[in-house]
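K.L.:
Data file work.cif (mmCIF, C-alpha atoms) is appended below.
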```
data_target
loop_
_atom_site.label_atom_id
_atom_site.label_comp_id
_atom_site.auth_asym_id
_atom_site.auth_seq_id
_atom_site.Cartn_x
_atom_site.Cartn_y
_atom_site.Cartn_z
CA VAL A 1 0.00 0.00 0.00
CA ALA A 2 1.46 3.40 -0.91
CA LYS A 3 2.30 5.61 2.06
CA THR A 4 -0.15 8.54 2.00
CA SER A 5 -1.51 10.74 4.78
CA LEU A 6 -4.47 8.39 5.36
CA SER A 7 -2.92 4.96 4.78
CA SER A 8 -1.86 4.47 8.43
CA PRO A 9 -3.56 5.83 11.58
CA PRO A 10 -2.20 9.15 12.95
CA TRP A 11 -1.28 7.69 16.37
CA PRO A 12 2.14 5.98 16.81
CA GLU A 13 1.99 2.20 16.34
CA VAL A 14 2.53 0.26 19.59
CA LYS A 15 3.90 -3.31 19.57
CA LEU A 16 2.27 -5.49 22.25
CA PRO A 17 4.64 -7.79 24.20
CA ASP A 18 4.49 -11.60 24.17
CA PRO A 19 1.47 -13.05 26.07
CA VAL A 20 3.58 -15.71 27.82
CA GLU A 21 6.06 -13.13 29.06
CA GLU A 22 3.13 -10.90 30.04
CA ALA A 23 1.66 -13.69 32.19
CA LYS A 24 5.00 -14.29 33.92
CA TYR A 25 5.43 -10.55 34.56
CA HIS A 26 1.89 -10.30 35.95
CA ALA A 27 2.45 -13.24 38.31
CA GLU A 28 5.67 -11.72 39.59
CA VAL A 29 4.04 -8.34 40.19
CA VAL A 30 1.16 -10.00 42.07
CA ARG A 31 3.61 -11.95 44.22
CA LYS A 32 5.57 -8.81 45.07
CA VAL A 33 2.45 -6.84 46.00
CA ASN A 34 1.17 -9.75 48.12
CA GLY A 35 4.50 -9.86 49.91
CA LEU A 36 4.35 -6.13 50.59
CA ILE A 37 0.82 -6.32 51.97
CA SER A 38 1.47 -9.31 54.22
CA ALA A 39 4.66 -7.73 55.52
CA GLY A 40 2.80 -4.52 56.22
CA HIS A 41 5.07 -2.21 54.21
CA TYR A 42 2.46 0.39 53.51
CA GLY A 43 1.79 3.72 55.21
CA ARG A 44 -1.46 5.56 54.61
CA LEU A 45 -4.11 3.85 52.53
CA PHE A 46 -6.60 5.74 50.46
CA ALA A 47 -9.73 4.30 48.88
CA VAL A 48 -12.35 5.35 46.34
CA VAL A 49 -15.78 4.43 47.66
CA HIS A 50 -19.19 4.69 46.04
CA PHE A 51 -21.58 5.97 48.71
CA ALA A 52 -24.88 7.88 48.53
CA SER A 53 -24.75 7.95 44.72
CA LYS A 54 -21.38 9.73 44.79
CA GLN A 55 -17.79 8.55 44.61
CA TRP A 56 -15.49 9.77 47.35
CA LYS A 57 -11.73 9.53 47.69
CA ILE A 58 -11.17 8.88 51.38
CA THR A 59 -8.30 8.23 53.77
CA SER A 60 -8.51 7.43 57.45
CA GLU A 61 -9.70 10.16 59.86
CA ASP A 62 -11.49 12.36 57.42
CA LEU A 63 -14.99 13.81 57.38
CA ILE A 64 -17.72 13.24 54.80
CA MET A 65 -21.15 14.81 54.69
CA MET A 66 -24.20 13.54 52.85
CA ASP A 67 -27.46 15.23 52.07
CA ASN A 68 -29.74 12.45 53.24
CA VAL A 69 -30.78 10.50 56.29
CA LEU A 70 -29.01 7.29 57.24
CA GLU A 71 -30.86 4.72 59.28
CA ALA A 72 -28.10 4.53 61.85
CA GLU A 73 -28.02 6.33 65.17
CA CYS A 74 -25.23 8.70 66.15
CA GLY A 75 -22.17 6.74 67.19
CA ASP A 76 -22.83 3.63 65.09
CA ARG A 77 -20.00 1.97 63.25
CA ILE A 78 -20.72 1.41 59.57
CA ARG A 79 -18.87 -0.82 57.15
CA MET A 80 -18.79 0.52 53.59
CA GLU A 81 -18.97 -1.93 50.73
CA LYS A 82 -18.70 -0.91 47.07
CA VAL A 83 -14.99 -0.06 47.13
CA LEU A 84 -13.68 0.74 43.65
CA LEU A 85 -10.00 1.45 44.24
CA VAL A 86 -7.48 1.08 47.07
CA GLY A 87 -4.03 2.58 46.98
CA ALA A 88 -0.94 3.14 49.07
CA ASP A 89 2.39 4.77 48.43
CA ASP A 90 3.87 2.08 46.16
CA PHE A 91 0.94 0.08 44.78
CA THR A 92 -2.75 0.42 43.91
CA LEU A 93 -5.43 -2.22 43.69
CA ILE A 94 -7.97 -1.43 40.99
CA GLY A 95 -11.30 -3.22 41.01
CA ARG A 96 -13.38 -4.06 37.95
CA PRO A 97 -15.57 -2.30 38.93
CA LEU A 98 -15.68 -3.34 42.59
CA LEU A 99 -13.11 -4.95 44.84
CA GLY A 100 -13.94 -8.05 46.83
CA LYS A 101 -15.31 -7.73 50.34
CA ASP A 102 -12.67 -10.08 51.71
CA LEU A 103 -9.93 -7.80 50.37
CA VAL A 104 -10.77 -4.37 51.75
CA ARG A 105 -12.57 -3.16 54.83
CA VAL A 106 -13.64 0.48 55.25
CA GLU A 107 -15.18 1.47 58.57
CA ALA A 108 -16.89 4.76 59.44
CA THR A 109 -18.84 6.24 62.38
CA VAL A 110 -21.89 8.47 62.22
CA ILE A 111 -20.94 11.64 64.08
CA GLU A 112 -23.90 13.93 63.75
CA LYS A 113 -27.24 14.24 62.01
CA THR A 114 -28.12 17.89 61.51
CA GLU A 115 -30.06 19.97 59.05
CA SER A 116 -28.53 22.15 56.38
CA TRP A 117 -28.66 25.93 56.47
CA PRO A 118 -32.16 27.24 55.65
CA LYS A 119 -32.43 27.65 51.88
CA VAL A 120 -35.06 29.87 50.33
CA ASN A 121 -37.23 28.38 47.59
CA MET A 122 -39.26 31.15 45.96
CA ARG A 123 -41.44 31.11 42.87
CA PHE A 124 -42.46 34.36 41.23
CA TRP A 125 -44.29 35.17 38.01
CA ARG A 126 -44.20 38.79 36.99
CA ARG A 127 -47.37 40.74 36.30
CA HIS A 128 -49.45 37.78 37.58
CA ASN A 129 -49.45 38.54 41.27
CA TYR A 130 -48.02 35.08 42.06
CA GLN A 131 -45.25 34.45 44.53
CA ARG A 132 -44.67 31.58 46.91
CA LYS A 133 -41.88 31.44 49.46
CA LYS A 134 -40.72 28.28 51.20
CA ILE A 135 -37.74 27.68 53.48
CA ILE A 136 -36.09 24.29 53.02
CA ALA A 137 -33.64 22.68 55.46
CA ASN A 138 -32.34 19.31 54.24
CA PRO A 139 -31.33 16.71 56.78
CA GLN A 140 -27.62 15.89 56.61
CA THR A 141 -25.38 13.24 58.12
CA VAL A 142 -21.70 13.59 58.93
CA LEU A 143 -19.48 10.51 58.91
CA ARG A 144 -15.90 10.11 59.97
CA ILE A 145 -13.86 7.36 58.28
CA ASN A 146 -12.09 5.38 60.99
CA THR A 147 -9.97 2.78 59.22
CA ILE A 148 -9.18 1.29 55.84
CA GLU A 149 -7.67 -2.21 55.96
CA ILE A 150 -6.49 -4.64 53.29
CA TYR A 151 -5.94 -8.36 53.66
CA PRO A 152 -3.36 -10.31 51.63
CA CYS A 153 -5.58 -12.59 49.55
CA LEU A 154 -4.92 -11.42 45.99
CA SER A 155 -5.01 -13.78 43.06
CA ARG B 1 -15.22 6.26 70.82
CA TYR B 2 -18.13 8.55 70.13
CA VAL B 3 -18.77 11.64 72.27
CA ARG B 4 -22.13 13.31 72.00
CA GLN B 5 -21.71 17.02 71.39
CA LEU B 6 -24.75 18.07 73.38
CA GLN B 7 -23.97 19.04 76.94
CA ARG B 8 -27.31 19.86 78.49
CA LEU B 9 -30.89 20.58 77.51
CA GLN B 10 -32.76 23.12 79.59
CA LEU B 11 -36.54 23.20 79.36
CA LEU B 12 -37.86 26.58 80.56
CA PHE B 13 -41.60 26.91 80.72
CA SER B 14 -44.29 28.22 83.04
CA PRO B 15 -46.99 25.82 84.25
CA THR B 16 -49.79 28.35 83.96
CA ALA B 17 -49.28 29.67 80.41
CA ALA B 18 -51.64 28.31 77.77
CA ASP B 19 -49.06 27.92 75.02
CA ALA B 20 -46.82 25.71 77.20
CA ARG B 21 -49.35 22.84 77.15
CA GLY B 22 -47.17 20.72 74.89
CA ALA B 23 -44.18 21.33 77.15
CA ARG B 24 -46.17 20.24 80.19
CA GLN B 25 -47.35 17.05 78.43
CA PHE B 26 -43.81 16.33 77.31
CA VAL B 27 -42.56 16.68 80.89
CA GLU B 28 -45.28 14.39 82.21
CA GLU B 29 -45.02 11.61 79.62
CA ALA B 30 -41.96 11.63 77.40
CA ALA B 31 -39.21 13.32 79.37
CA GLN B 32 -38.26 10.17 81.27
CA ASP B 33 -38.12 8.03 78.14
CA PHE B 34 -36.02 10.66 76.38
CA ALA B 35 -33.61 10.86 79.29
CA ARG B 36 -33.28 7.07 79.36
CA GLN B 37 -32.65 6.82 75.63
CA HIS B 38 -29.91 9.47 75.74
CA PRO B 39 -27.97 8.69 78.89
CA ASP B 40 -25.15 11.13 78.13
CA VAL B 41 -27.38 14.22 77.89
CA VAL B 42 -28.44 16.06 81.04
CA LEU B 43 -32.03 17.28 80.96
CA TYR B 44 -32.98 20.16 83.27
CA VAL B 45 -36.63 21.03 83.73
CA SER B 46 -37.14 24.43 85.35
CA PRO B 47 -40.70 25.74 85.56
CA HIS B 48 -40.97 29.44 86.43
CA SER B 49 -44.38 30.36 87.75
CA GLY B 50 -46.40 33.35 86.65
CA PRO B 51 -46.54 35.08 83.27
CA GLY B 52 -42.92 35.09 82.12
CA PRO B 53 -41.00 34.66 78.83
CA ALA B 54 -42.17 32.22 76.18
CA PRO B 55 -41.47 28.49 76.67
CA VAL B 56 -38.06 27.67 75.32
CA LEU B 57 -35.88 24.58 74.88
CA ARG B 58 -32.24 25.62 75.28
CA ALA B 59 -29.40 23.34 74.10
CA GLU B 60 -25.79 23.89 75.13
CA TYR B 61 -22.98 22.19 73.26
CA LEU B 62 -19.41 21.25 74.13
CA ASN B 63 -17.94 24.13 72.12
CA GLY B 64 -20.01 26.72 73.96
CA THR B 65 -22.76 27.49 71.44
CA VAL B 66 -26.22 27.89 72.92
CA ARG B 67 -29.24 27.24 70.74
CA GLU B 68 -32.73 28.20 71.80
CA GLU B 69 -35.85 26.84 70.15
CA LEU B 70 -39.37 28.02 70.89
CA ILE B 71 -41.77 25.28 71.95
CA ALA B 72 -44.88 27.42 72.34
CA SER B 73 -47.99 25.77 70.84
CA LYS B 74 -46.23 22.56 69.89
CA THR B 75 -47.44 19.07 70.60
CA SER B 76 -45.49 16.66 72.73
CA GLU B 77 -44.37 14.55 69.74
CA GLU B 78 -42.99 17.59 67.98
CA ILE B 79 -41.02 18.52 71.07
CA VAL B 80 -39.62 14.99 71.21
CA GLN B 81 -38.54 15.22 67.59
CA LEU B 82 -36.98 18.63 68.19
CA ALA B 83 -35.10 17.33 71.20
CA THR B 84 -33.71 14.34 69.28
CA LYS B 85 -32.68 16.61 66.43
CA LEU B 86 -30.84 18.92 68.83
CA ALA B 87 -29.24 15.95 70.52
CA ASN B 88 -27.88 14.62 67.24
CA GLN B 89 -26.39 17.96 66.23
CA SER B 90 -23.03 19.37 67.09
CA GLY B 91 -22.43 22.93 68.14
CA LEU B 92 -21.14 24.25 64.81
CA ASP B 93 -23.01 27.17 63.24
CA ILE B 94 -25.54 26.21 60.63
CA ILE B 95 -24.22 28.24 57.71
CA ARG B 96 -23.39 27.30 54.17
CA ILE B 97 -20.51 24.82 54.13
CA ARG B 98 -18.46 25.03 50.99
CA LYS B 99 -17.21 21.45 50.76
CA PRO B 100 -18.93 18.28 51.91
CA PHE B 101 -15.60 16.67 52.79
CA HIS B 102 -12.58 17.55 54.86
CA THR B 103 -9.21 15.79 54.90
CA ASP B 104 -6.04 16.44 56.77
CA ASN B 105 -3.96 14.38 54.33
CA PRO B 106 -5.32 15.03 50.83
CA SER B 107 -2.58 13.26 48.87
CA VAL B 108 -1.13 9.82 49.54
CA GLN B 109 0.96 9.12 46.45
CA GLY B 110 2.19 12.68 46.08
CA GLN B 111 0.23 15.53 44.58
CA TRP B 112 0.05 15.72 40.80
CA HIS B 113 2.08 18.47 39.12
CA PRO B 114 2.44 18.89 35.37
CA LEU B 115 5.79 17.10 35.31
CA THR B 116 4.62 13.75 36.75
CA ASN B 117 4.49 10.90 34.24
CA LYS B 118 6.71 12.73 31.78
CA PRO B 119 10.25 11.66 30.76
CA SER B 120 12.84 13.30 32.95
CA ILE B 121 14.64 14.81 29.92
CA LEU B 122 12.07 17.60 30.10
CA THR B 123 13.50 19.08 33.29
CA ILE B 124 16.84 19.58 31.52
CA GLN B 125 15.76 20.36 28.01
CA GLY B 126 12.48 22.11 28.54
CA PRO B 127 9.49 21.87 26.23
CA ARG B 128 10.66 22.17 22.67
CA LEU B 129 8.84 21.60 19.40
CA GLN B 130 10.32 18.55 17.68
CA PRO B 131 10.85 19.09 13.95
CA GLN B 132 8.35 16.84 12.14
#
```
Show this structure as structure tokens.
P.N.:
Amino acid sequence: VAKTSLSSPPWPEVKLPDPVEEAKYHAEVVRKVNGLISAGHYGRLFAVVHFASKQWKITSEDLIMMDNVLEAECGDRIRMEKVLLVGADDFTLIGRPLLGKDLVRVEATVIEKTESWPKVNMRFWRRHNYQRKKIIANPQTVLRINTIEIYPCLS
Amino acid sequence: RYVRQLQRLQLLFSPTAADARGARQFVEEAAQDFARQHPDVVLYVSPHSGPGPAPVLRAEYLNGTVREELIASKTSEEIVQLATKLANQSGLDIIRIRKPFHTDNPSVQGQWHPLTNKPSILTIQGPRLQPQ
């Protein structure tokens, strides 16, 4: 085929490595990461968690606020499932799309259940003598993430 | 390891006023149950006789903020709900909060700057247009 401006794609061509070598490389990486986890050579862990229809990036001891009511009393410990990603300084564990429950454990406590600041909801049509005013205060919950733990059972 | 932020709840009402009827019913029926359910909140009931100020439920928090809510012409159930809501709150001001999250350590693997994931020749050479 003659080399014109449209004969090959504009991005640079990438050669994929051998599948057998790939498998060996993958196995070695998994073994190394398992060794690191079981030896405990990680500092802070961060996690990406899907909670209350939003995805949060959380570490230990940080505060999160949601605009709804949880059915847990103040001071209850909650375990969050639906963990998408867990990472530390040297390695990350990416889930497709979720990570297993026997791999990661994210715990949080409900600190307070307040209402938001009073928002004004007003409707007004001009020249029609129509206005309605309503003050809305949504209930909110504040959680504090206690711990994020991982267990060495990768595959 | 959870500390309730409410220090004490003071119920000020006068037994003769007509609009304190809900407060009186609350004191008779539900105050004991409320106190038993929240053992770490102190509930003070102080009736002042004669025509005085309006009946008020005052909540004091651990950081010093005092919040007063009127309970005139409210039923006993509403007062119970109000009291639980105050008990679950903390003493921070209810204003607009800009972010729904707060971290002390925002970056674990190092914060991103435009030179991460680029070949280290760039720090010496600088960005230069390669001749095509």
K.L.:
Could you tell me how far atom CA of Thr116 of chain B sits from atom CA of Leu16 of chain A, in Å to one decimal place?
P.N.:
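Here the two named atoms are 24.2 Å from each other.
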K.L.:
Pull out every residue that the PyMOL selection byres ((chain B) within 7 of (chain A)) matches in the shown coordinates and put them as an MDAnalysis selection string.
P.N.:
chainID B and resid 2 85 88:90 94:96 100:104 108:109
K.L.:
Using Å and a single decimal, report how far atom CA of Phe51 of chain A sits from atom CA of Ile136 of chain A.
P.N.:
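For atom CA of Ile136 of chain A relative to atom CA of Phe51 of chain A, the distance reads 23.8 Å.
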K.L.:
Hey, what's within 12 Å of Arg123 of chain A if we count only C-alpha atoms and toss same-chain stuff fewer than 4 positions away? As a VMD selection string, please?
P.N.:
chain A and resid 128 to 135
K.L.:
Show me as a ChimeraX atom specification the residues that reach within 12 Å of (-18.5, 23.7, 80.4), counting all atoms listed in the file and using the file's own coordinates.
P.N.:
/B:5-8,60-66
K.L.:
Could you jot down the atom CA of Glu107 of chain A to atom CA of Lys32 of chain A separation for me, Å, one decimal place?
P.N.:
26.8 Å
K.L.:
Determine, counting only C-alpha atoms, which protein, DNA and RNA residues have an atom within 12 Å of an atom of segment 101-106 of chain A; residues of the same chain fewer than 3 positions away are not included. Present the result as a PyMOL selection string.
P.N.:
chain A and resi 34+37+45-51+57-61+77-87+93-95+98+109+144-155
K.L.:
Since I can't run it myself right now, could you work out what the PyMOL selection byres ((chain B and resi 39) around 12) selects here and report it as a VMD selection string?
P.N.:
chain B and resid 3 to 4 6 to 8 32 to 38 40 to 43 87
K.L.:
On this structure, the PyMOL selection byres ((chain B and resi 69) around 9) would catch which residues? List them as a PyMOL selection string, sorted by chain and number.
P.N.:
chain B and resi 55-59+67-68+70-71+82
K.L.:
If I only have part of segment 106-117 of chain B, can you fill in all heavy atoms and write it as a CSV table (one decimal), in the frame of the given file?
P.N.:
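selection17.csv was written with the following content:
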```csv
chain,number,residue,atom,x,y,z
B,106,PRO,N,-4.6,15.2,52.1
B,106,PRO,CA,-5.3,15.0,50.8
B,106,PRO,C,-4.6,14.2,49.8
B,106,PRO,O,-5.2,13.6,49.0
B,106,PRO,CB,-5.5,16.5,50.3
B,106,PRO,CG,-4.4,17.2,51.0
B,106,PRO,CD,-4.1,16.6,52.3
B,107,SER,N,-3.3,14.0,49.9
B,107,SER,CA,-2.6,13.3,48.9
B,107,SER,C,-1.7,12.2,49.5
B,107,SER,O,-1.0,12.4,50.4
B,107,SER,CB,-1.7,14.2,48.0
B,107,SER,OG,-0.4,14.2,48.5
B,108,VAL,N,-1.9,11.0,49.0
B,108,VAL,CA,-1.1,9.8,49.5
B,108,VAL,C,0.1,9.5,48.7
B,108,VAL,O,1.2,9.3,49.1
B,108,VAL,CB,-2.0,8.6,49.7
B,108,VAL,CG1,-1.2,7.4,50.0
B,108,VAL,CG2,-3.0,8.8,50.8
B,109,GLN,N,-0.1,9.5,47.3
B,109,GLN,CA,1.0,9.1,46.4
B,109,GLN,C,1.7,10.3,45.9
B,109,GLN,O,2.4,10.3,44.9
B,109,GLN,CB,0.4,8.3,45.3
B,109,GLN,CG,0.0,6.9,45.7
B,109,GLN,CD,-0.6,6.2,44.5
B,109,GLN,OE1,-0.7,6.7,43.4
B,109,GLN,NE2,-0.9,4.9,44.8
B,110,GLY,N,1.5,11.5,46.6
B,110,GLY,CA,2.2,12.7,46.1
B,110,GLY,C,1.2,13.4,45.2
B,110,GLY,O,0.5,12.9,44.4
B,111,GLN,N,1.2,14.8,45.4
B,111,GLN,CA,0.2,15.5,44.6
B,111,GLN,C,0.7,15.6,43.1
B,111,GLN,O,1.9,15.7,42.9
B,111,GLN,CB,0.1,16.9,45.2
B,111,GLN,CG,-1.3,17.4,45.1
B,111,GLN,CD,-1.4,18.8,45.7
B,111,GLN,OE1,-0.4,19.5,46.0
B,111,GLN,NE2,-2.6,19.2,46.0
B,112,TRP,N,-0.3,15.7,42.2
B,112,TRP,CA,0.0,15.7,40.8
B,112,TRP,C,0.5,17.1,40.4
B,112,TRP,O,0.0,18.1,40.8
B,112,TRP,CB,-1.2,15.4,40.0
B,112,TRP,CG,-0.9,15.3,38.5
B,112,TRP,CD1,-0.6,14.3,37.8
B,112,TRP,CD2,-1.1,16.4,37.6
B,112,TRP,NE1,-0.4,14.6,36.5
B,112,TRP,CE2,-0.7,15.9,36.3
B,112,TRP,CE3,-1.4,17.8,37.7
B,112,TRP,CZ2,-0.7,16.7,35.2
B,112,TRP,CZ3,-1.4,18.5,36.5
B,112,TRP,CH2,-1.1,18.0,35.3
B,113,HIS,N,1.6,17.2,39.7
B,113,HIS,CA,2.1,18.5,39.1
B,113,HIS,C,2.4,18.2,37.7
B,113,HIS,O,2.6,17.0,37.3
B,113,HIS,CB,3.3,19.0,39.9
B,113,HIS,CG,4.4,18.0,40.0
B,113,HIS,ND1,5.4,17.9,39.1
B,113,HIS,CD2,4.7,17.1,41.0
B,113,HIS,CE1,6.3,16.9,39.5
B,113,HIS,NE2,5.8,16.5,40.6
B,114,PRO,N,2.4,19.2,36.8
B,114,PRO,CA,2.4,18.9,35.4
B,114,PRO,C,3.6,18.1,34.9
B,114,PRO,O,3.7,17.7,33.8
B,114,PRO,CB,2.4,20.3,34.7
B,114,PRO,CG,1.9,21.2,35.7
B,114,PRO,CD,2.2,20.6,37.1
B,115,LEU,N,4.6,17.9,35.8
B,115,LEU,CA,5.8,17.1,35.3
B,115,LEU,C,5.8,15.6,35.7
B,115,LEU,O,6.7,14.9,35.5
B,115,LEU,CB,7.1,17.7,35.9
B,115,LEU,CG,7.5,19.0,35.1
B,115,LEU,CD1,8.6,19.7,35.8
B,115,LEU,CD2,7.8,18.8,33.7
B,116,THR,N,4.7,15.2,36.5
B,116,THR,CA,4.6,13.8,36.8
B,116,THR,C,4.3,13.0,35.5
B,116,THR,O,3.7,13.5,34.6
B,116,THR,CB,3.5,13.4,37.7
B,116,THR,OG1,2.3,14.1,37.3
B,116,THR,CG2,3.8,13.9,39.1
B,117,ASN,N,4.7,11.8,35.4
B,117,ASN,CA,4.5,10.9,34.2
B,117,ASN,C,5.0,11.5,32.9
B,117,ASN,O,4.5,11.2,31.9
B,117,ASN,CB,3.0,10.6,34.1
B,117,ASN,CG,2.4,9.9,35.3
B,117,ASN,OD1,3.1,9.3,36.0
B,117,ASN,ND2,1.1,10.1,35.5
```
